[in-house]
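As provided, entry37.txt (compact mmCIF, C-alpha atoms) reads as follows.
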# COMPACT_ATOMS: atom_id res chain seq x y z
CA MET O 1 -5.09 15.73 36.39
CA SER O 2 -3.58 12.91 34.30
CA PHE O 3 -4.21 11.16 31.01
CA ASP O 4 -6.56 8.21 31.53
CA LEU O 5 -4.82 5.89 29.12
CA ALA O 6 -5.80 2.76 31.02
CA SER O 7 -9.51 3.34 30.33
CA ARG O 8 -8.91 4.00 26.67
CA LEU O 9 -6.92 0.80 26.34
CA ALA O 10 -9.56 -1.19 28.25
CA GLU O 11 -12.28 0.13 25.95
CA ARG O 12 -10.32 -0.96 22.91
CA ARG O 13 -9.83 -4.44 24.34
CA ALA O 14 -13.53 -4.75 25.17
CA ALA O 15 -14.49 -3.80 21.62
CA GLN O 16 -12.22 -6.52 20.16
CA LEU O 17 -10.12 -3.77 18.56
CA TYR O 18 -6.89 -4.14 20.57
CA ARG O 19 -3.82 -4.50 18.37
CA GLN O 20 -0.67 -6.48 19.08
CA ARG O 21 2.59 -6.75 17.18
CA PRO O 22 3.63 -10.21 16.00
CA LEU O 23 7.38 -10.66 16.48
CA LEU O 24 8.94 -11.73 13.19
CA GLN O 25 12.08 -13.80 13.86
CA SER O 26 13.03 -14.58 10.27
CA PRO O 27 13.34 -12.74 6.96
CA GLN O 28 10.24 -11.93 4.94
CA GLY O 29 8.96 -14.84 2.89
CA PRO O 30 6.07 -17.29 2.64
CA SER O 31 7.44 -19.43 5.50
CA VAL O 32 8.32 -17.34 8.55
CA GLN O 33 8.99 -17.71 12.23
CA VAL O 34 6.65 -15.55 14.32
CA ASP O 35 6.56 -15.52 18.11
CA GLY O 36 8.70 -18.65 18.16
CA ARG O 37 6.57 -20.66 15.74
CA GLU O 38 6.94 -21.62 12.09
CA LEU O 39 4.00 -20.27 10.08
CA LEU O 40 2.93 -19.98 6.46
CA ALA O 41 2.26 -16.26 5.99
CA PHE O 42 -0.36 -14.64 3.77
CA CYS O 43 -0.19 -11.09 5.14
CA SER O 44 2.94 -9.43 3.73
CA ASN O 45 2.98 -6.70 1.08
CA ASP O 46 6.13 -8.23 -0.45
CA TYR O 47 4.10 -8.90 -3.61
CA LEU O 48 6.97 -9.90 -5.91
CA GLY O 49 9.04 -11.75 -3.32
CA LEU O 50 11.99 -9.34 -3.50
CA ALA O 51 12.40 -8.41 0.18
CA ASN O 52 14.81 -11.30 0.78
CA HIS O 53 16.15 -11.72 -2.76
CA PRO O 54 19.88 -12.63 -2.79
CA GLN O 55 20.75 -10.08 -5.50
CA VAL O 56 18.97 -7.28 -3.64
CA ILE O 57 20.77 -8.22 -0.41
CA GLU O 58 24.09 -8.32 -2.28
CA ALA O 59 23.42 -4.86 -3.75
CA TRP O 60 22.71 -3.49 -0.26
CA GLN O 61 25.90 -5.04 1.11
CA ALA O 62 28.00 -3.67 -1.72
CA GLY O 63 26.36 -0.28 -1.29
CA ALA O 64 27.11 -0.26 2.42
CA ALA O 65 30.73 -1.19 1.77
CA ARG O 66 31.13 1.74 -0.62
CA TRP O 67 28.74 4.39 0.77
CA GLY O 68 28.41 3.55 4.47
CA VAL O 69 25.21 2.91 6.40
CA GLY O 70 23.80 6.37 7.09
CA GLY O 71 22.44 9.25 5.02
CA GLY O 72 24.22 11.71 7.30
CA ALA O 73 21.99 14.73 6.74
CA SER O 74 19.00 15.95 4.77
CA HIS O 75 19.15 15.90 0.96
CA LEU O 76 19.55 19.68 0.91
CA VAL O 77 22.57 19.71 3.22
CA ILE O 78 24.96 16.85 2.42
CA GLY O 79 22.69 13.79 2.40
CA HIS O 80 21.97 13.52 -1.32
CA SER O 81 24.35 10.77 -2.44
CA THR O 82 25.03 9.42 -5.91
CA PRO O 83 22.88 6.27 -5.34
CA HIS O 84 19.92 8.47 -4.37
CA HIS O 85 20.36 10.48 -7.55
CA GLU O 86 20.70 7.39 -9.73
CA LEU O 87 17.57 5.85 -8.19
CA GLU O 88 15.58 9.03 -8.80
CA GLU O 89 16.65 9.02 -12.44
CA ALA O 90 15.74 5.34 -12.78
CA LEU O 91 12.30 5.88 -11.20
CA ALA O 92 11.62 8.83 -13.50
CA GLU O 93 12.47 6.67 -16.51
CA PHE O 94 10.36 3.79 -15.12
CA THR O 95 7.30 5.99 -14.69
CA GLY O 96 7.83 7.85 -17.96
CA ARG O 97 8.07 11.22 -16.24
CA PRO O 98 10.74 13.91 -16.36
CA LYS O 99 11.67 13.76 -12.69
CA ALA O 100 11.27 11.73 -9.49
CA LEU O 101 12.06 12.55 -5.87
CA LEU O 102 12.85 10.14 -3.03
CA PHE O 103 11.15 10.32 0.35
CA THR O 104 12.06 8.32 3.44
CA THR O 105 8.56 6.80 3.90
CA GLY O 106 5.28 6.68 2.03
CA TYR O 107 3.50 8.51 4.84
CA MET O 108 6.00 11.35 4.56
CA ALA O 109 5.69 11.45 0.78
CA ASN O 110 1.92 11.86 0.92
CA MET O 111 2.11 14.39 3.71
CA GLY O 112 4.81 16.37 1.95
CA VAL O 113 3.22 16.46 -1.49
CA VAL O 114 -0.31 17.42 -0.42
CA THR O 115 0.76 20.10 2.04
CA ALA O 116 3.20 21.57 -0.49
CA LEU O 117 0.56 21.82 -3.23
CA VAL O 118 -2.50 23.14 -1.39
CA GLY O 119 -3.20 25.32 1.63
CA GLN O 120 -5.63 27.92 2.88
CA GLY O 121 -7.89 29.14 0.09
CA ASP O 122 -7.45 25.89 -1.89
CA THR O 123 -9.44 22.63 -2.06
CA VAL O 124 -8.45 19.00 -1.62
CA LEU O 125 -10.95 16.25 -2.54
CA GLU O 126 -10.30 12.66 -1.51
CA ASP O 127 -11.87 9.23 -1.89
CA ARG O 128 -13.57 8.17 1.34
CA LEU O 129 -11.49 4.97 1.47
CA ASN O 130 -8.10 6.60 0.92
CA HIS O 131 -5.16 5.54 3.05
CA ALA O 132 -4.82 7.27 6.41
CA SER O 133 -1.69 9.12 5.27
CA LEU O 134 -3.63 10.78 2.45
CA LEU O 135 -6.55 11.72 4.68
CA ASP O 136 -4.22 13.12 7.33
CA ALA O 137 -2.37 15.12 4.70
CA GLY O 138 -5.62 16.62 3.44
CA LEU O 139 -6.73 17.57 6.94
CA LEU O 140 -3.36 19.10 7.85
CA SER O 141 -2.96 21.05 4.61
CA GLY O 142 -5.31 23.80 5.74
CA ALA O 143 -7.21 23.59 2.45
CA ARG O 144 -10.95 23.02 2.24
CA PHE O 145 -11.18 19.26 2.66
CA SER O 146 -13.99 17.03 1.43
CA ARG O 147 -14.34 13.29 0.76
CA TYR O 148 -16.27 12.00 -2.22
CA GLN O 149 -18.04 8.64 -2.31
CA HIS O 150 -15.77 5.72 -3.04
CA ASN O 151 -14.83 5.54 -6.72
CA ASP O 152 -17.82 7.71 -7.64
CA ALA O 153 -17.11 10.21 -10.43
CA ASP O 154 -20.54 11.83 -10.05
CA SER O 155 -19.91 12.41 -6.35
CA LEU O 156 -16.52 13.89 -7.21
CA ASN O 157 -18.12 16.15 -9.83
CA LEU O 158 -20.54 17.62 -7.26
CA ARG O 159 -17.64 18.54 -5.02
CA LEU O 160 -15.55 19.91 -7.87
CA GLN O 161 -18.37 22.34 -8.65
CA LYS O 162 -17.99 23.82 -5.16
CA ALA O 163 -14.18 23.86 -5.12
CA VAL O 164 -12.21 27.07 -4.62
CA GLY O 165 -8.62 27.99 -5.37
CA ASN O 166 -6.17 25.37 -6.59
CA THR O 167 -7.94 22.00 -6.44
CA LEU O 168 -6.24 18.64 -5.89
CA VAL O 169 -8.11 15.36 -6.33
CA VAL O 170 -6.41 12.57 -4.39
CA THR O 171 -6.97 8.82 -4.62
CA ASP O 172 -5.27 5.54 -3.92
CA GLY O 173 -4.45 3.58 -7.06
CA VAL O 174 -5.20 0.26 -5.38
CA PHE O 175 -7.20 0.54 -2.17
CA SER O 176 -5.13 -1.19 0.45
CA MET O 177 -7.90 -2.78 2.51
CA ASP O 178 -10.29 -3.72 -0.31
CA GLY O 179 -7.86 -4.43 -3.15
CA ASP O 180 -10.05 -2.74 -5.77
CA LEU O 181 -8.77 -0.30 -8.37
CA ALA O 182 -9.49 3.42 -8.58
CA GLU O 183 -11.75 4.20 -11.54
CA LEU O 184 -9.09 6.55 -12.83
CA PRO O 185 -10.34 7.22 -16.39
CA ALA O 186 -13.67 8.58 -15.11
CA LEU O 187 -12.12 10.42 -12.15
CA CYS O 188 -9.45 12.01 -14.35
CA ALA O 189 -12.03 13.10 -16.92
CA GLU O 190 -14.10 14.91 -14.27
CA THR O 191 -10.99 16.50 -12.79
CA LYS O 192 -9.70 17.68 -16.15
CA ARG O 193 -13.03 19.35 -16.95
CA ALA O 194 -12.72 21.28 -13.69
CA ASP O 195 -9.14 22.36 -14.48
CA ALA O 196 -7.90 20.59 -11.37
CA TRP O 197 -5.03 18.13 -10.73
CA VAL O 198 -5.07 14.42 -9.90
CA MET O 199 -2.71 12.83 -7.38
CA VAL O 200 -2.51 9.03 -7.23
CA ASP O 201 -0.83 7.08 -4.46
CA ASP O 202 -0.08 3.82 -6.26
CA ALA O 203 1.65 2.11 -3.35
CA HIS O 204 0.03 -1.26 -4.07
CA GLY O 205 -0.12 -0.94 -7.86
CA PHE O 206 3.53 -0.57 -8.81
CA GLY O 207 5.01 -3.95 -9.64
CA THR O 208 1.68 -5.76 -9.74
CA LEU O 209 -0.31 -3.86 -12.39
CA GLY O 210 0.58 -3.04 -15.98
CA ALA O 211 2.46 -5.09 -18.56
CA ASN O 212 5.78 -3.80 -17.19
CA GLY O 213 4.77 -3.34 -13.56
CA GLY O 214 4.23 0.38 -14.09
CA GLY O 215 1.13 0.39 -11.91
CA ILE O 216 -2.38 1.66 -12.38
CA VAL O 217 -1.43 4.51 -14.72
CA GLU O 218 0.13 1.99 -17.11
CA HIS O 219 -2.80 -0.38 -16.54
CA TYR O 220 -5.26 2.24 -17.83
CA GLY O 221 -2.91 3.75 -20.43
CA LEU O 222 -3.01 7.19 -18.83
CA ALA O 223 -0.43 9.96 -19.16
CA GLN O 224 1.03 12.76 -17.05
CA ASP O 225 -1.65 15.05 -18.45
CA ASP O 226 -4.22 12.80 -16.72
CA VAL O 227 -2.35 12.12 -13.46
CA GLN O 228 -0.10 15.06 -12.69
CA VAL O 229 1.19 13.71 -9.36
CA LEU O 230 2.21 10.05 -9.05
CA VAL O 231 3.38 8.64 -5.72
CA GLY O 232 4.75 5.17 -5.02
CA THR O 233 6.26 3.32 -2.11
CA LEU O 234 9.30 1.06 -2.23
CA GLY O 235 8.46 -1.22 0.71
CA LYS O 236 5.92 -3.37 -1.12
CA SER O 237 6.59 -4.77 -4.61
CA PHE O 238 10.10 -3.28 -4.59
CA GLY O 239 10.87 -5.16 -1.37
CA THR O 240 12.99 -2.40 0.20
CA ALA O 241 11.86 0.85 1.87
CA GLY O 242 11.08 4.49 1.17
CA ALA O 243 8.86 6.25 -1.34
CA PHE O 244 8.94 8.58 -4.32
CA VAL O 245 6.90 11.13 -6.21
CA ALA O 246 7.17 11.41 -10.00
CA GLY O 247 6.02 14.23 -12.24
CA SER O 248 7.06 17.33 -14.13
CA GLU O 249 10.31 19.18 -13.47
CA GLU O 250 8.29 22.02 -11.93
CA LEU O 251 6.45 19.64 -9.60
CA ILE O 252 9.62 18.02 -8.32
CA GLU O 253 11.39 21.34 -7.88
CA ALA O 254 8.38 22.59 -5.92
CA MET O 255 8.66 19.54 -3.64
CA VAL O 256 12.34 20.25 -3.04
CA GLN O 257 11.49 23.84 -2.09
CA PHE O 258 8.23 23.41 -0.17
CA ALA O 259 7.67 19.80 1.03
CA ARG O 260 8.60 20.03 4.70
CA PRO O 261 8.83 16.24 5.33
CA TYR O 262 11.42 16.14 2.53
CA ILE O 263 13.36 19.23 3.54
CA TYR O 264 13.65 18.46 7.24
CA THR O 265 14.43 14.72 7.22
CA THR O 266 17.71 12.86 6.98
CA SER O 267 17.99 10.99 3.70
CA GLN O 268 17.61 7.22 3.59
CA PRO O 269 20.88 5.22 3.69
CA PRO O 270 22.58 5.31 0.28
CA ALA O 271 22.97 1.53 0.43
CA LEU O 272 19.17 1.23 0.54
CA ALA O 273 19.00 3.13 -2.75
CA CYS O 274 21.54 0.67 -4.18
CA ALA O 275 19.31 -2.23 -3.14
CA THR O 276 16.24 -0.57 -4.64
CA LEU O 277 18.02 -0.05 -7.96
CA LYS O 278 18.56 -3.80 -8.12
CA SER O 279 14.96 -4.60 -7.12
CA LEU O 280 13.71 -2.18 -9.78
CA GLU O 281 15.78 -4.06 -12.35
CA LEU O 282 14.29 -7.39 -11.24
CA LEU O 283 10.77 -5.92 -11.20
CA ARG O 284 11.17 -4.80 -14.80
CA THR O 285 12.92 -7.86 -16.25
CA GLU O 286 11.49 -10.87 -14.42
CA HIS O 287 7.98 -10.79 -15.86
CA TRP O 288 7.33 -14.32 -14.58
CA ARG O 289 6.77 -12.87 -11.13
CA ARG O 290 3.67 -10.93 -12.23
CA GLU O 291 2.49 -13.84 -14.35
CA HIS O 292 2.76 -16.32 -11.48
CA LEU O 293 1.10 -13.86 -9.11
CA SER O 294 -1.82 -13.44 -11.52
CA GLU O 295 -2.32 -17.20 -11.59
CA LEU O 296 -2.25 -17.35 -7.79
CA ILE O 297 -4.89 -14.61 -7.61
CA ARG O 298 -7.11 -16.41 -10.14
CA ARG O 299 -6.83 -19.74 -8.30
CA PHE O 300 -7.48 -18.18 -4.88
CA ARG O 301 -10.63 -16.41 -6.03
CA GLU O 302 -11.88 -19.56 -7.72
CA GLY O 303 -11.21 -21.69 -4.63
CA ALA O 304 -12.61 -19.15 -2.16
CA ALA O 305 -15.81 -18.79 -4.17
CA ALA O 306 -16.23 -22.57 -4.12
CA LEU O 307 -15.98 -22.45 -0.30
CA GLY O 308 -18.71 -19.80 -0.09
CA LEU O 309 -16.37 -17.12 1.25
CA GLU O 310 -17.35 -13.49 0.65
CA LEU O 311 -14.55 -11.82 -1.25
CA MET O 312 -14.29 -8.22 -2.39
CA ASP O 313 -13.98 -7.03 -5.97
CA SER O 314 -10.20 -7.21 -6.22
CA PRO O 315 -8.01 -8.21 -9.18
CA THR O 316 -4.88 -7.56 -7.09
CA PRO O 317 -2.77 -9.55 -4.59
CA ILE O 318 -4.95 -8.04 -1.83
CA GLN O 319 -7.81 -10.53 -1.37
CA PRO O 320 -9.92 -9.64 1.68
CA ILE O 321 -12.35 -12.19 3.10
CA LEU O 322 -15.25 -10.18 4.49
CA VAL O 323 -16.29 -11.44 7.94
CA GLY O 324 -18.18 -8.45 9.40
CA ASP O 325 -17.85 -8.69 13.17
CA SER O 326 -14.45 -7.92 14.71
CA GLY O 327 -14.65 -10.78 17.18
CA ARG O 328 -15.43 -13.29 14.41
CA ALA O 329 -12.56 -11.98 12.30
CA LEU O 330 -10.16 -12.41 15.22
CA ARG O 331 -11.46 -15.90 15.85
CA LEU O 332 -11.03 -16.98 12.23
CA SER O 333 -7.49 -15.57 12.21
CA GLN O 334 -6.79 -17.48 15.42
CA MET O 335 -8.14 -20.73 13.94
CA LEU O 336 -5.83 -20.38 10.97
CA ARG O 337 -2.86 -19.60 13.19
CA GLU O 338 -3.54 -22.70 15.30
CA ARG O 339 -3.20 -24.65 12.06
CA GLY O 340 0.05 -22.99 11.06
CA LEU O 341 -1.16 -20.13 8.84
CA LEU O 342 -0.74 -16.40 9.50
CA VAL O 343 -3.50 -14.18 8.07
CA THR O 344 -4.18 -10.88 9.80
CA ALA O 345 -7.63 -9.73 10.94
CA ILE O 346 -8.27 -6.12 9.92
CA ARG O 347 -10.77 -4.25 12.11
CA PRO O 348 -12.12 -0.73 12.66
CA PRO O 349 -10.96 2.00 12.60
CA THR O 350 -8.76 0.76 9.75
CA VAL O 351 -11.92 -0.38 7.93
CA PRO O 352 -15.54 0.82 8.38
CA ALA O 353 -17.57 -0.60 11.27
CA GLY O 354 -19.17 -3.92 10.44
CA THR O 355 -16.65 -4.77 7.70
CA ALA O 356 -13.92 -6.57 9.66
CA ARG O 357 -12.05 -8.95 7.42
CA LEU O 358 -9.12 -11.26 6.94
CA ARG O 359 -6.74 -9.51 4.56
CA VAL O 360 -5.14 -12.27 2.51
CA THR O 361 -2.15 -11.03 0.51
CA LEU O 362 -0.46 -13.16 -2.11
CA SER O 363 3.14 -13.03 -3.27
CA ALA O 364 5.02 -14.30 -6.29
CA ALA O 365 7.09 -16.20 -3.73
CA HIS O 366 4.08 -18.37 -2.81
CA SER O 367 3.81 -21.76 -4.48
CA PHE O 368 0.58 -23.29 -5.73
CA GLU O 369 0.98 -25.96 -3.05
CA GLN O 370 1.08 -23.29 -0.34
CA LEU O 371 -2.00 -21.64 -1.80
CA GLU O 372 -3.88 -24.95 -1.81
CA ARG O 373 -2.99 -25.39 1.85
CA LEU O 374 -4.54 -22.00 2.59
CA LEU O 375 -7.73 -22.92 0.74
CA GLU O 376 -7.95 -26.32 2.43
CA THR O 377 -7.49 -24.77 5.87
CA LEU O 378 -10.10 -22.08 5.16
CA GLY O 379 -12.44 -24.86 4.07
CA GLU O 380 -11.92 -26.50 7.44
CA CYS O 381 -12.18 -23.36 9.59
CA TRP O 382 -15.08 -21.52 7.94
CA PRO O 383 -17.71 -24.16 8.91
CA LEU O 384 -16.22 -24.37 12.41
CA LEU O 385 -16.70 -20.62 12.80
CA ALA O 386 -20.33 -20.96 11.69
CA ASN O 387 -20.84 -23.76 14.20
CA GLU O 388 -19.44 -21.59 16.99
CA ASP O 389 -21.81 -18.80 15.96
CA ALA O 390 -24.76 -21.19 16.12
CA ALA O 391 -23.69 -22.49 19.53
CA HIS O 392 -23.53 -18.94 20.93
CA ALA O 393 -26.83 -17.84 19.35
Could you write out this structure as structure tokens?
Amino acid sequence: MSFDLASRLAERRAAQLYRQRPLLQSPQGPSVQVDGRELLAFCSNDYLGLANHPQVIEAWQAGAARWGVGGGASHLVIGHSTPHHELEEALAEFTGRPKALLFTTGYMANMGVVTALVGQGDTVLEDRLNHASLLDAGLLSGARFSRYQHNDADSLNLRLQKAVGNTLVVTDGVFSMDGDLAELPALCAETKRADAWVMVDDAHGFGTLGANGGGIVEHYGLAQDDVQVLVGTLGKSFGTAGAFVAGSEELIEAMVQFARPYIYTTSQPPALACATLKSLELLRTEHWRREHLSELIRRFREGAAALGLELMDSPTPIQPILVGDSGRALRLSQMLRERGLLVTAIRPPTVPAGTARLRVTLSAAHSFEQLERLLETLGECWPLLANEDAAHA
């Protein structure tokens, strides 16, 4: 008996759900070379344009010259270098919390935090549209796991009434495929009444939301008493890699003692922490990046609405164009690529069936001229897609 992988792959191809990796042959940026072709990209999470920033690159190079290129061991053995420690202190200060802890990836951070906080006899409640890493963490924790309706405080309340043991309510800050914001004030109020904790993964909120880029917690003016566990990733607005959790001294010490993905993983290269320290400085001081990004978002939504495109309720750099059918989404993405633009089609199981979309992401590195080119090309391709639909009807 053998694994019938060929049939599984064939089924995915037939359902228009087969995924392929574009080969990036240039640094991140608005203009990239992919699979041997120059393209204008609107699909990166490099929201502030820091992934290829000269000062961040210089900080990495200087860090490598001083600290080498490898972490060497886990943080608890001999892998916790001075740059790691300095970055944790800077992230704690940035988030306004006593402590922060570095993780090697966002997936590992979510897995480590949830499984360290709850287990058998406890309850974890999650938004239905949470990122896969959060859902996987809830399932693997061993706690009673339930999903409440998207951004619905009443639905959360019903589940809180049935919760047992320590209860953790988990939500994305910005939902990565829709771009909408968690209704944190209402969710936190329900959770507080139930004497439970809130965990927010603000991967897409840090850098883009809040007057100082402090993310969704700053955006809503919430405190640690409202959101006890705050997680962020460093591979998006920060432009580097890794993740962190910020919270009380007791929370962070508990992660050091009990979060298995932290304990049993080699630390990130110290030079990476040096680069992130520089990107954090730029994120905090160069406010023009958020201001320009906000103007790009406003102009895109205005232009897309004029074209009759169906957008989702997103005030963030994530601006999905809802298409519906997976085949149509792939075709629209292909049309754009033929005209020199790279916008990824997102299909099930990443998004619910029937909600395939083009996930447009904007960056502070985009110019208004580049944005207008995107809108003009969408204005050309959208009617062509409708004509193809009519021809096949």
Surrounding residues of region 238-245 of chain O excluding itself and chain neighbours under 6 positions, 10 Å, only C-alpha atoms, as a ChimeraX atom specification: /O:28,45-53,56-57,60,87-88,91-92,95,99-110,112-113,199-201,203,206-207,229-232,251-252,255,267-268,272-273,275-283
Quick one: write out the picked residues with C-alpha atoms as a PDB file, keeping the file's coordinate frame?
ATOM      1  CA  GLN O  28      10.240 -11.930   4.940  1.00  0.00           C
ATOM      2  CA  ASN O  45       2.980  -6.700   1.080  1.00  0.00           C
ATOM      3  CA  ASP O  46       6.130  -8.230  -0.450  1.00  0.00           C
ATOM      4  CA  TYR O  47       4.100  -8.900  -3.610  1.00  0.00           C
ATOM      5  CA  LEU O  48       6.970  -9.900  -5.910  1.00  0.00           C
ATOM      6  CA  GLY O  49       9.040 -11.750  -3.320  1.00  0.00           C
ATOM      7  CA  LEU O  50      11.990  -9.340  -3.500  1.00  0.00           C
ATOM      8  CA  ALA O  51      12.400  -8.410   0.180  1.00  0.00           C
ATOM      9  CA  ASN O  52      14.810 -11.300   0.780  1.00  0.00           C
ATOM     10  CA  HIS O  53      16.150 -11.720  -2.760  1.00  0.00           C
ATOM     11  CA  VAL O  56      18.970  -7.280  -3.640  1.00  0.00           C
ATOM     12  CA  ILE O  57      20.770  -8.220  -0.410  1.00  0.00           C
ATOM     13  CA  TRP O  60      22.710  -3.490  -0.260  1.00  0.00           C
ATOM     14  CA  LEU O  87      17.570   5.850  -8.190  1.00  0.00           C
ATOM     15  CA  GLU O  88      15.580   9.030  -8.800  1.00  0.00           C
ATOM     16  CA  LEU O  91      12.300   5.880 -11.200  1.00  0.00           C
ATOM     17  CA  ALA O  92      11.620   8.830 -13.500  1.00  0.00           C
ATOM     18  CA  THR O  95       7.300   5.990 -14.690  1.00  0.00           C
ATOM     19  CA  LYS O  99      11.670  13.760 -12.690  1.00  0.00           C
ATOM     20  CA  ALA O 100      11.270  11.730  -9.490  1.00  0.00           C
ATOM     21  CA  LEU O 101      12.060  12.550  -5.870  1.00  0.00           C
ATOM     22  CA  LEU O 102      12.850  10.140  -3.030  1.00  0.00           C
ATOM     23  CA  PHE O 103      11.150  10.320   0.350  1.00  0.00           C
ATOM     24  CA  THR O 104      12.060   8.320   3.440  1.00  0.00           C
ATOM     25  CA  THR O 105       8.560   6.800   3.900  1.00  0.00           C
ATOM     26  CA  GLY O 106       5.280   6.680   2.030  1.00  0.00           C
ATOM     27  CA  TYR O 107       3.500   8.510   4.840  1.00  0.00           C
ATOM     28  CA  MET O 108       6.000  11.350   4.560  1.00  0.00           C
ATOM     29  CA  ALA O 109       5.690  11.450   0.780  1.00  0.00           C
ATOM     30  CA  ASN O 110       1.920  11.860   0.920  1.00  0.00           C
ATOM     31  CA  GLY O 112       4.810  16.370   1.950  1.00  0.00           C
ATOM     32  CA  VAL O 113       3.220  16.460  -1.490  1.00  0.00           C
ATOM     33  CA  MET O 199      -2.710  12.830  -7.380  1.00  0.00           C
ATOM     34  CA  VAL O 200      -2.510   9.030  -7.230  1.00  0.00           C
ATOM     35  CA  ASP O 201      -0.830   7.080  -4.460  1.00  0.00           C
ATOM     36  CA  ALA O 203       1.650   2.110  -3.350  1.00  0.00           C
ATOM     37  CA  PHE O 206       3.530  -0.570  -8.810  1.00  0.00           C
ATOM     38  CA  GLY O 207       5.010  -3.950  -9.640  1.00  0.00           C
ATOM     39  CA  VAL O 229       1.190  13.710  -9.360  1.00  0.00           C
ATOM     40  CA  LEU O 230       2.210  10.050  -9.050  1.00  0.00           C
ATOM     41  CA  VAL O 231       3.380   8.640  -5.720  1.00  0.00           C
ATOM     42  CA  GLY O 232       4.750   5.170  -5.020  1.00  0.00           C
ATOM     43  CA  LEU O 251       6.450  19.640  -9.600  1.00  0.00           C
ATOM     44  CA  ILE O 252       9.620  18.020  -8.320  1.00  0.00           C
ATOM     45  CA  MET O 255       8.660  19.540  -3.640  1.00  0.00           C
ATOM     46  CA  SER O 267      17.990  10.990   3.700  1.00  0.00           C
ATOM     47  CA  GLN O 268      17.610   7.220   3.590  1.00  0.00           C
ATOM     48  CA  LEU O 272      19.170   1.230   0.540  1.00  0.00           C
ATOM     49  CA  ALA O 273      19.000   3.130  -2.750  1.00  0.00           C
ATOM     50  CA  ALA O 275      19.310  -2.230  -3.140  1.00  0.00           C
ATOM     51  CA  THR O 276      16.240  -0.570  -4.640  1.00  0.00           C
ATOM     52  CA  LEU O 277      18.020  -0.050  -7.960  1.00  0.00           C
ATOM     53  CA  LYS O 278      18.560  -3.800  -8.120  1.00  0.00           C
ATOM     54  CA  SER O 279      14.960  -4.600  -7.120  1.00  0.00           C
ATOM     55  CA  LEU O 280      13.710  -2.180  -9.780  1.00  0.00           C
ATOM     56  CA  GLU O 281      15.780  -4.060 -12.350  1.00  0.00           C
ATOM     57  CA  LEU O 282      14.290  -7.390 -11.240  1.00  0.00           C
ATOM     58  CA  LEU O 283      10.770  -5.920 -11.200  1.00  0.00           C
TER      59      LEU O 283
END
Close residues, His287 (chain O) itself excluded, 10 Å, all atoms listed in the file, min 3 positions apart in chain, as a PyMOL selection string: chain O and resi 207+211-213+282-284+290-292
Point-to-point distance in Å for CA of Phe258 (chain O) and CA of Trp67 (chain O):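 Spanning CA of Trp67 (chain O) to CA of Phe258 (chain O) is a straight-line distance of 28.0 Å.
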I'd like the neighbourhood of Gln228 (chain O) as a ChimeraX atom specification, where a residue qualifies if any of its atoms comes within 10 Å (using all atoms listed in the file), though same-chain residues fewer than 6 positions away should be ignored. /O:97,168,188,196-200,246-248,251
Measuring atom to atom with all atoms listed in the file, identify which of O:Ala64, O:Leu184, O:Leu293, O:Val323 is nearest to Ala353 (chain O).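 Between O:Ala64, O:Leu184, O:Leu293, O:Val323, the residue approaching Ala353 (chain O) most closely is O:Val323.
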Ref. answer, residues at most 12 Å from (6.2, -15.9, 6.7) with only C-alpha atoms, as a ChimeraX atom specification: /O:22-35,37-46,49,51-52,337,340-344,361-363,365-366,370
Measuring between all atoms listed in the file, which one of O:Ala65, O:Met335, O:Gly119, O:Arg328 shows the shortest distance to Leu374 (chain O)?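 Nearest candidate to Leu374 (chain O) out of O:Ala65, O:Met335, O:Gly119, O:Arg328: O:Met335.
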Select, from O:Leu181, O:Ile78, O:Ala189, O:Val170, the residue with the minimum atom-to-atom distance to Gly215 (chain O), counting all atoms listed in the file. O:Leu181
Give me the residues within 12 Å of Trp382 (chain O) as JSON, numbers by chain, counting only C-alpha atoms and dropping any in the same chain fewer than 5 places off. {"O": [304, 307, 308, 309, 310, 321, 322, 323, 328, 329, 331, 332, 333, 334, 335, 336, 358, 374, 375, 376, 377, 387, 388, 389]}
Separation of CA of Leu384 (chain O) and CA of Glu372 (chain O), in Å?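 Result for CA of Leu384 (chain O) versus CA of Glu372 (chain O): 18.8 Å, one decimal.
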Which distance in Å separates CA of Ser141 (chain O) and CA of Arg128 (chain O), to one decimal?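 Computing it gives 17.0 Å between the two atoms.
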Find the residues around Val77 (chain O) up to 10 Å (all atoms listed in the file counted), leave out those fewer than 5 positions away in its own chain, and share them as number ranges by chain. O: 72, 263-264, 266-267
At most 8 Å from (-9.8, -7.1, 11.8), file frame, only C-alpha atoms: which residues, as JSON, numbers by chain? {"O": [17, 326, 329, 330, 344, 345, 346, 347, 348, 356, 357, 358]}
Centre and edge lengths of an axis-aligned box around all listed atoms of region 351-360 of chain O, with 5 Å added on each side, are to be given in Å to one decimal, as lines of an AutoDock Vina configuration file.
center_x = -12.2
center_y = -5.7
center_z = 6.9
size_x = 24.0
size_y = 23.1
size_z = 18.8
